[in-house]
$ cat protein.txt   # compact mmCIF, C-alpha atoms
# COMPACT_ATOMS: atom_id res chain seq x y z
CA MET H 202 -17.94 12.81 18.16
CA PHE H 203 -16.04 16.09 18.72
CA PHE H 204 -12.97 14.29 20.06
CA LYS H 205 -13.15 11.70 17.26
CA CYS H 206 -13.22 14.43 14.59
CA THR H 207 -10.41 16.37 16.30
CA LYS H 208 -8.25 13.23 16.42
CA LEU H 209 -8.87 12.58 12.70
CA ILE H 210 -7.94 16.16 11.77
CA LEU H 211 -4.68 15.91 13.74
CA GLN H 212 -3.86 12.55 12.10
CA TYR H 213 -4.57 14.02 8.67
CA SER H 214 -2.34 17.05 9.29
CA LEU H 215 0.57 14.98 10.61
CA PHE H 216 0.15 12.45 7.80
CA LEU H 217 0.60 15.07 5.07
CA LYS H 218 3.49 16.82 6.82
CA THR H 219 5.51 13.81 7.96
CA PRO H 220 7.88 12.40 5.34
CA HIS H 221 7.99 8.60 5.18
CA PHE H 222 9.75 8.14 1.88
CA PRO H 223 13.40 7.14 1.53
CA SER H 224 15.79 10.11 1.65
CA THR H 225 18.04 8.56 -0.98
CA PRO H 226 16.89 9.63 -4.45
CA PRO H 227 15.97 6.81 -6.84
CA PRO H 228 18.31 5.97 -9.70
CA THR H 229 17.81 7.51 -13.12
CA PHE H 230 15.45 5.54 -15.34
CA ASN H 231 14.88 5.55 -19.06
CA LEU H 232 11.25 6.65 -18.81
CA LEU H 233 8.70 6.50 -21.59
CA CYS H 234 5.47 8.46 -21.91
CA PRO H 235 3.52 8.36 -18.60
CA CYS H 236 0.79 6.45 -20.41
CA SER H 237 3.28 3.63 -20.83
CA PHE H 238 3.56 3.00 -17.12
CA PRO H 239 1.16 0.43 -15.77
CA PHE H 240 -0.12 0.20 -12.28
CA LEU H 241 1.77 -2.81 -10.99
CA PHE H 242 1.83 -2.46 -7.25
CA LEU H 243 3.36 -4.61 -4.57
CA GLY H 244 1.56 -4.67 -1.23
CA ARG H 245 1.89 -7.21 1.56
CA GLN H 246 -0.36 -10.20 2.22
CA THR H 247 -0.13 -13.83 3.26
CA LEU H 248 -0.49 -16.66 0.76
CA ALA H 249 -3.83 -17.58 2.29
CA THR H 250 -5.21 -14.07 1.76
CA ALA H 251 -3.84 -13.36 -1.71
CA ARG H 252 -6.42 -11.78 -4.02
CA GLN H 253 -6.36 -11.69 -7.80
CA LYS H 254 -8.84 -9.91 -10.03
CA MET H 255 -9.41 -7.68 -13.03
CA GLU H 256 -9.93 -4.25 -11.48
CA VAL H 257 -12.44 -2.14 -13.41
CA GLU H 258 -13.16 1.34 -12.09
CA VAL H 259 -14.38 4.79 -12.99
CA LYS H 260 -11.64 7.44 -12.72
CA LEU H 261 -12.63 11.09 -12.94
CA LYS H 262 -10.20 13.96 -12.30
CA LEU H 263 -11.62 16.85 -10.28
CA THR H 264 -10.73 20.33 -11.49
CA ASP H 265 -9.31 21.76 -8.25
CA SER H 266 -9.39 21.77 -4.46
CA LEU H 267 -12.68 23.69 -4.39
CA SER H 268 -14.35 20.97 -6.47
CA HIS H 269 -12.87 18.38 -4.11
CA GLN H 270 -14.19 20.19 -1.03
CA LYS H 271 -17.62 20.72 -2.58
CA LEU H 272 -17.99 17.03 -3.47
CA ASN H 273 -16.87 15.86 -0.02
CA SER H 274 -19.38 18.23 1.58
CA LEU H 275 -22.16 17.09 -0.74
CA LEU H 276 -21.53 13.41 0.07
CA SER H 277 -20.91 13.87 3.80
CA PRO H 278 -24.18 12.12 4.84
CA PHE H 279 -22.93 9.00 3.08
CA HIS H 280 -19.39 8.96 4.53
CA THR H 281 -18.17 5.59 5.85
CA LYS H 282 -14.44 6.02 6.49
CA THR H 283 -11.27 7.97 5.77
CA LEU H 284 -8.07 6.17 4.74
CA LEU H 285 -4.61 7.70 5.06
CA GLN H 286 -2.53 5.92 2.44
CA GLU H 287 1.19 5.86 1.69
CA ASN H 288 2.20 4.38 -1.66
CA LEU H 289 5.75 3.27 -2.43
CA PHE H 290 6.88 1.71 -5.70
CA PHE H 291 9.70 -0.65 -6.63
CA ASP H 292 11.50 -1.67 -9.81
CA THR H 293 14.96 -2.71 -10.93
CA PRO H 294 17.59 -0.15 -12.03
CA THR H 295 16.86 -1.25 -15.61
CA SER H 296 13.07 -0.77 -15.24
CA ASP H 297 12.23 -4.42 -15.87
CA LEU H 298 8.71 -4.08 -14.44
CA ALA H 299 7.85 -0.86 -16.25
CA SER H 300 9.07 -2.28 -19.56
CA ASN H 301 6.69 -5.20 -19.02
CA LEU H 302 3.72 -2.92 -18.28
CA ALA H 303 3.74 -3.70 -14.59
CA ALA H 304 4.09 -1.81 -11.30
CA LEU H 305 5.00 -3.10 -7.86
CA ARG H 306 3.61 -1.22 -4.87
CA LEU H 307 3.62 -1.23 -1.09
CA ARG H 308 0.60 0.56 0.33
CA PHE H 309 0.25 1.47 4.01
CA TYR H 310 -3.23 2.16 5.39
CA ASN H 311 -3.66 4.39 8.46
CA HIS H 312 -0.26 3.16 9.68
CA ASP H 313 -1.73 -0.22 10.75
CA ARG H 314 -2.09 -2.21 7.52
CA CYS H 315 0.26 -2.94 4.63
CA VAL H 316 -0.62 -4.45 1.25
CA LEU H 317 1.78 -5.73 -1.38
CA SER H 318 0.24 -5.55 -4.84
CA LEU H 319 1.18 -6.18 -8.42
CA LYS H 320 -0.78 -4.51 -11.22
CA SER H 321 -0.23 -5.24 -14.88
CA LYS H 322 -1.63 -4.79 -18.39
CA PRO H 323 -3.36 -1.50 -17.57
CA SER H 324 -5.57 0.49 -19.88
CA ILE H 325 -7.53 3.69 -19.33
CA SER H 326 -10.00 5.26 -21.73
CA ASP H 327 -12.97 7.64 -21.43
CA GLY H 328 -12.79 7.66 -17.64
CA VAL H 329 -12.66 3.88 -17.21
CA SER H 330 -9.55 2.03 -16.00
CA ARG H 331 -8.90 -1.70 -16.36
CA VAL H 332 -5.92 -3.49 -14.85
CA GLU H 333 -4.99 -6.97 -13.66
CA GLU H 334 -4.27 -6.93 -9.93
CA ILE H 335 -2.85 -9.33 -7.36
CA GLU H 336 -2.74 -8.29 -3.70
CA HIS H 337 -1.22 -9.76 -0.59
CA ASP H 338 -1.36 -8.45 3.02
CA ILE H 339 1.84 -8.38 5.04
CA GLU H 340 2.86 -7.13 8.46
CA PRO H 341 3.35 -3.32 8.47
CA THR H 342 6.69 -3.70 10.30
CA LEU H 343 7.92 -5.95 7.50
CA GLY H 344 6.69 -3.44 4.94
CA ARG H 345 8.67 -0.66 6.63
CA ALA H 346 11.77 -2.84 6.64
CA CYS H 347 11.36 -3.45 2.89
CA THR H 348 11.02 0.28 2.29
CA GLY H 349 14.44 0.93 3.80
CA GLU H 350 16.01 -2.25 2.40
CA PRO H 351 14.14 -3.27 -0.78
CA TRP H 352 16.12 -6.51 -1.08
CA ARG H 353 14.00 -7.80 1.81
CA ILE H 354 11.01 -8.08 -0.53
CA GLY H 355 12.54 -11.23 -1.91
CA SER H 356 12.57 -12.76 1.57
CA ILE H 357 8.81 -12.38 2.11
CA PRO H 358 7.17 -15.83 2.45
CA PRO H 359 5.99 -17.26 -0.91
CA ASN H 360 2.84 -15.70 -2.33
CA ARG H 361 1.19 -15.11 -5.70
CA VAL H 362 2.40 -11.50 -5.93
CA LEU H 363 6.05 -12.50 -5.71
CA ASP H 364 5.45 -15.52 -7.94
CA ARG H 365 4.19 -13.23 -10.69
CA ALA H 366 6.93 -10.65 -10.11
CA SER H 367 9.56 -13.39 -10.33
CA GLU H 368 8.34 -14.21 -13.83
CA ILE H 369 9.50 -10.73 -14.84
CA ILE H 370 12.47 -10.15 -12.51
CA GLU H 371 15.00 -12.95 -12.19
CA ASP H 372 16.45 -11.63 -8.93
CA LEU H 373 14.06 -9.77 -6.60
CA GLY H 374 17.10 -8.75 -4.57
CA LYS H 375 17.85 -6.16 -7.27
CA LEU H 376 14.72 -4.14 -6.53
CA VAL H 377 15.13 -0.49 -5.58
CA CYS H 378 12.58 1.91 -4.09
CA LEU H 379 11.44 4.59 -6.54
CA GLY H 380 9.72 6.69 -3.89
CA GLY H 381 6.01 7.43 -3.96
CA PHE H 382 3.19 9.67 -2.82
CA LYS H 383 0.52 10.04 -0.13
CA ASN H 384 -3.22 9.89 -0.57
CA VAL H 385 -6.16 10.85 1.64
CA ARG H 386 -9.19 8.80 0.58
CA ASN H 387 -12.71 9.53 1.79
CA VAL H 388 -15.08 6.62 1.14
CA TYR H 389 -18.83 7.01 0.62
CA LYS H 390 -21.73 4.60 0.05
CA TRP H 391 -24.04 6.36 -2.41
CA LYS H 392 -26.83 4.89 -4.55
CA GLY H 393 -25.38 1.40 -4.23
CA LEU H 394 -21.92 2.59 -5.29
CA THR H 395 -18.72 2.89 -3.28
CA LEU H 396 -17.24 6.29 -4.14
CA GLU H 397 -13.62 7.07 -3.25
CA ILE H 398 -12.69 10.76 -3.23
CA ASP H 399 -8.91 11.18 -3.33
CA GLU H 400 -6.55 14.01 -2.45
CA THR H 401 -3.17 12.84 -3.74
CA VAL H 402 -0.04 14.66 -2.58
CA TYR H 403 3.05 14.38 -4.78
CA GLU H 404 6.34 16.21 -4.25
CA PHE H 405 5.45 18.38 -7.25
CA GLY H 406 1.81 19.14 -6.49
CA THR H 407 -1.61 17.88 -5.39
CA SER H 408 -4.36 16.34 -7.51
CA TYR H 409 -7.97 15.34 -6.84
CA GLU H 410 -9.89 12.38 -8.20
CA VAL H 411 -13.08 10.35 -7.90
CA GLU H 412 -12.80 6.58 -8.21
CA CYS H 413 -15.50 3.94 -8.20
CA GLU H 414 -14.73 0.25 -8.63
CA SER H 415 -17.38 -1.65 -10.55
CA GLY H 416 -17.88 -4.76 -12.64
CA SER H 417 -17.38 -4.63 -16.39
CA GLU H 418 -21.13 -4.95 -16.90
CA SER H 419 -22.07 -2.04 -14.60
CA VAL H 420 -19.17 0.39 -15.02
CA ASP H 421 -20.91 2.50 -17.68
CA GLU H 422 -23.97 2.95 -15.45
CA ALA H 423 -21.74 3.88 -12.49
CA LYS H 424 -19.94 6.46 -14.61
CA ARG H 425 -23.25 7.92 -15.80
CA LEU H 426 -24.54 8.35 -12.24
CA ILE H 427 -21.34 10.00 -11.03
CA GLU H 428 -21.15 12.34 -14.00
CA GLU H 429 -24.79 13.36 -13.48
CA LEU H 430 -24.07 14.12 -9.82
CA LEU H 431 -21.06 16.28 -10.67
CA ARG H 432 -22.80 18.18 -13.47
CA GLU H 433 -25.95 18.74 -11.43
CA HIS H 434 -23.96 20.47 -8.69
CA GLY H 435 -21.53 22.35 -10.93
CA ILE H 436 -18.46 20.36 -9.90
CA GLY H 437 -15.75 20.53 -12.55
CA PHE H 438 -14.22 17.28 -13.75
CA SER H 439 -12.57 15.52 -16.70
CA TYR H 440 -11.61 11.94 -17.50
CA SER H 441 -8.38 10.90 -15.80
CA PRO H 442 -5.83 10.50 -18.62
CA VAL H 443 -3.35 8.28 -16.73
CA SER H 444 -2.93 6.45 -13.42
CA LYS H 445 -1.53 8.00 -10.24
CA PHE H 446 1.60 5.91 -10.75
CA ALA H 447 2.09 7.35 -14.23
CA VAL H 448 1.67 10.86 -12.83
CA PHE H 449 4.27 10.10 -10.14
CA MET H 450 6.74 8.76 -12.68
CA SER H 451 6.26 11.71 -15.03
CA GLY H 452 7.15 14.18 -12.27
CA LYS H 453 4.33 16.60 -13.14
CA LEU H 454 0.57 16.93 -12.81
CA PRO H 455 -1.51 16.22 -15.92
CA PRO H 456 -3.17 19.27 -17.54

$ encode --input "protein.txt" --output "C-alpha cells"
Amino acid sequence: MFFKCTKLILQYSLFLKTPHFPSTPPPTFNLLCPCSFPFLFLGRQTLATARQKMEVEVKLKLTDSLSHQKLNSLLSPFHTKTLLQENLFFDTPTSDLASNLAALRLRFYNHDRCVLSLKSKPSISDGVSRVEEIEHDIEPTLGRACTGEPWRIGSIPPNRVLDRASEIIEDLGKLVCLGGFKNVRNVYKWKGLTLEIDETVYEFGTSYEVECESGSESVDEAKRLIEELLREHGIGFSYSPVSKFAVFMSGKLPP
C-alpha cells in the first residue's frame, strides 16, 4: 500500500507540472459571455462504443483548497479511484461550434485512455447542469497526434461524434486546438451516489468542485444529500455558475 500511494503521489506531481498543451497560442476568437459557451467536447471512441445521453449532474463549487482537502479527507473511506485528466478543446477560427452552443473535447485519462466527446445545448441553474453528450473512445496515440495536428480529427474512422460535429462544421480539417486544462478527480461511492471531487488547474488559477451525475428524477435528492454533508461539516460551497469549459474560455476564475 505504501509503494502504491507513493507512486500515485509522484504521478500526481508530475501530471500537474508537465505541460502537454500545444505551445502555439490559439487564434483570437470573438468570445461572448462565459455562460454562452456550451460543453461540447470531442473525445475518442470507436463507432461500436459510441455513447449518447443527456448528462444531468450536480455541480457545486468549493470555496478554496482547504475545503477541498477537508472533503477529500472526510470521504477517504469511500474512495474508489483517482483520475488524472487532460482536457483539450477544438473549434474553427470562426468559432462555429461555440456559436452553435457546442464544445468539442479530447480527454486523456491517466495517460492510457482517450475519449472524444461532443457536448451541446448546455444549461446550468441552481447547482444542476444539463447537457447533451456523445462520447467515443479512441486510441491515445491517435489523440496525441490530433492534439499536435488538429486536421487529423477529420480522418478518425466514422462515428456519431464526428457525424454530429459535421452537421455544424462543413470541413473538420479547419479545426484548431484552443488549449485546455488539467483536472485531478477523486471518485467516491457514498450513500449510493458517485461523488467526483475535482481540482482543476488552469493557466490562470486553480478551482475546486464537487460533481455528481444523476438522473433527472433523482438529481434534487442527490443535491440535497451533498449539501447536507457539506453544511454539517462546515465545508464552504456555492452553486457552480458556469462549466469548466466556460471558465477556461473566459480566462479567469469565477467569483

$ closest_residue --input "protein.txt" --among "H:Leu298, H:Val411, H:Val420, H:Leu363" --to "Ile436 of chain H" --atoms "only C-alpha atoms"
H:Val411

$ residues_around --input "protein.txt" --residues "Ser419 of chain H" --least-positions-apart "4" --cutoff "12 Å" --atoms "all atoms listed in the file" --output "ChimeraX atom specification"
/H:257-259,329,393-394,413-415,423-426

$ write_last_selection --input "protein.txt" --atoms "C-alpha atoms" --output "short mmCIF file (atom, residue, chain, number, x, y, z; two decimals), keeping the file's coordinate frame"
data_model
loop_
_atom_site.label_atom_id
_atom_site.label_comp_id
_atom_site.auth_asym_id
_atom_site.auth_seq_id
_atom_site.Cartn_x
_atom_site.Cartn_y
_atom_site.Cartn_z
CA VAL H 257 -12.44 -2.14 -13.41
CA GLU H 258 -13.16 1.34 -12.09
CA VAL H 259 -14.38 4.79 -12.99
CA VAL H 329 -12.66 3.88 -17.21
CA GLY H 393 -25.38 1.40 -4.23
CA LEU H 394 -21.92 2.59 -5.29
CA CYS H 413 -15.50 3.94 -8.20
CA GLU H 414 -14.73 0.25 -8.63
CA SER H 415 -17.38 -1.65 -10.55
CA ALA H 423 -21.74 3.88 -12.49
CA LYS H 424 -19.94 6.46 -14.61
CA ARG H 425 -23.25 7.92 -15.80
CA LEU H 426 -24.54 8.35 -12.24
#

$ atom_distance --input "protein.txt" --atom1 "atom CA of Glu340 of chain H" --atom2 "atom CA of Tyr310 of chain H"
11.5 Å

$ closest_atom_pairs --input "protein.txt" --of "segment 351-385 of chain H" --to "segment 331-335 of chain H" --cutoff "12 Å" --atoms "all atoms listed in the file" --output "JSON lines"
{"residue": "H:Asn360", "atom": "CA", "partner": "H:Ile335", "partner_atom": "CA", "distance": 9.9}
{"residue": "H:Arg361", "atom": "CA", "partner": "H:Ile335", "partner_atom": "CA", "distance": 7.2}
{"residue": "H:Val362", "atom": "CA", "partner": "H:Ile335", "partner_atom": "CA", "distance": 5.9}
{"residue": "H:Leu363", "atom": "CA", "partner": "H:Ile335", "partner_atom": "CA", "distance": 9.6}
{"residue": "H:Asp364", "atom": "CA", "partner": "H:Ile335", "partner_atom": "CA", "distance": 10.4}
{"residue": "H:Arg365", "atom": "CA", "partner": "H:Ile335", "partner_atom": "CA", "distance": 8.7}
{"residue": "H:Ala366", "atom": "CA", "partner": "H:Ile335", "partner_atom": "CA", "distance": 10.2}

$ write_last_selection --input "protein.txt" --atoms "C-alpha atoms" --output "PDB file, in the coordinates of the input"
ATOM      1  CA  ASN H 360       2.840 -15.700  -2.330  1.00  0.00           C
ATOM      2  CA  ARG H 361       1.190 -15.110  -5.700  1.00  0.00           C
ATOM      3  CA  VAL H 362       2.400 -11.500  -5.930  1.00  0.00           C
ATOM      4  CA  LEU H 363       6.050 -12.500  -5.710  1.00  0.00           C
ATOM      5  CA  ASP H 364       5.450 -15.520  -7.940  1.00  0.00           C
ATOM      6  CA  ARG H 365       4.190 -13.230 -10.690  1.00  0.00           C
ATOM      7  CA  ALA H 366       6.930 -10.650 -10.110  1.00  0.00           C
TER       8      ALA H 366
END

$ residues_around --input "protein.txt" --residues "Lys390 of chain H" --least-positions-apart "2" --cutoff "10 Å" --atoms "all atoms listed in the file" --output "ChimeraX atom specification"
/H:276,278-282,388,392-397

$ residues_around --input "protein.txt" --residues "Leu376 of chain H" --least-positions-apart "3" --cutoff "12 Å" --atoms "only C-alpha atoms" --output "ChimeraX atom specification"
/H:227-228,243,290-298,304-306,347-355,366-367,369-373,379

$ atom_distance --input "protein.txt" --atom1 "atom CA of Asn387 of chain H" --atom2 "atom CA of Lys271 of chain H"
13.0 Å

$ atom_distance --input "protein.txt" --atom1 "atom CA of Leu289 of chain H" --atom2 "atom CA of Glu256 of chain H"
19.6 Å
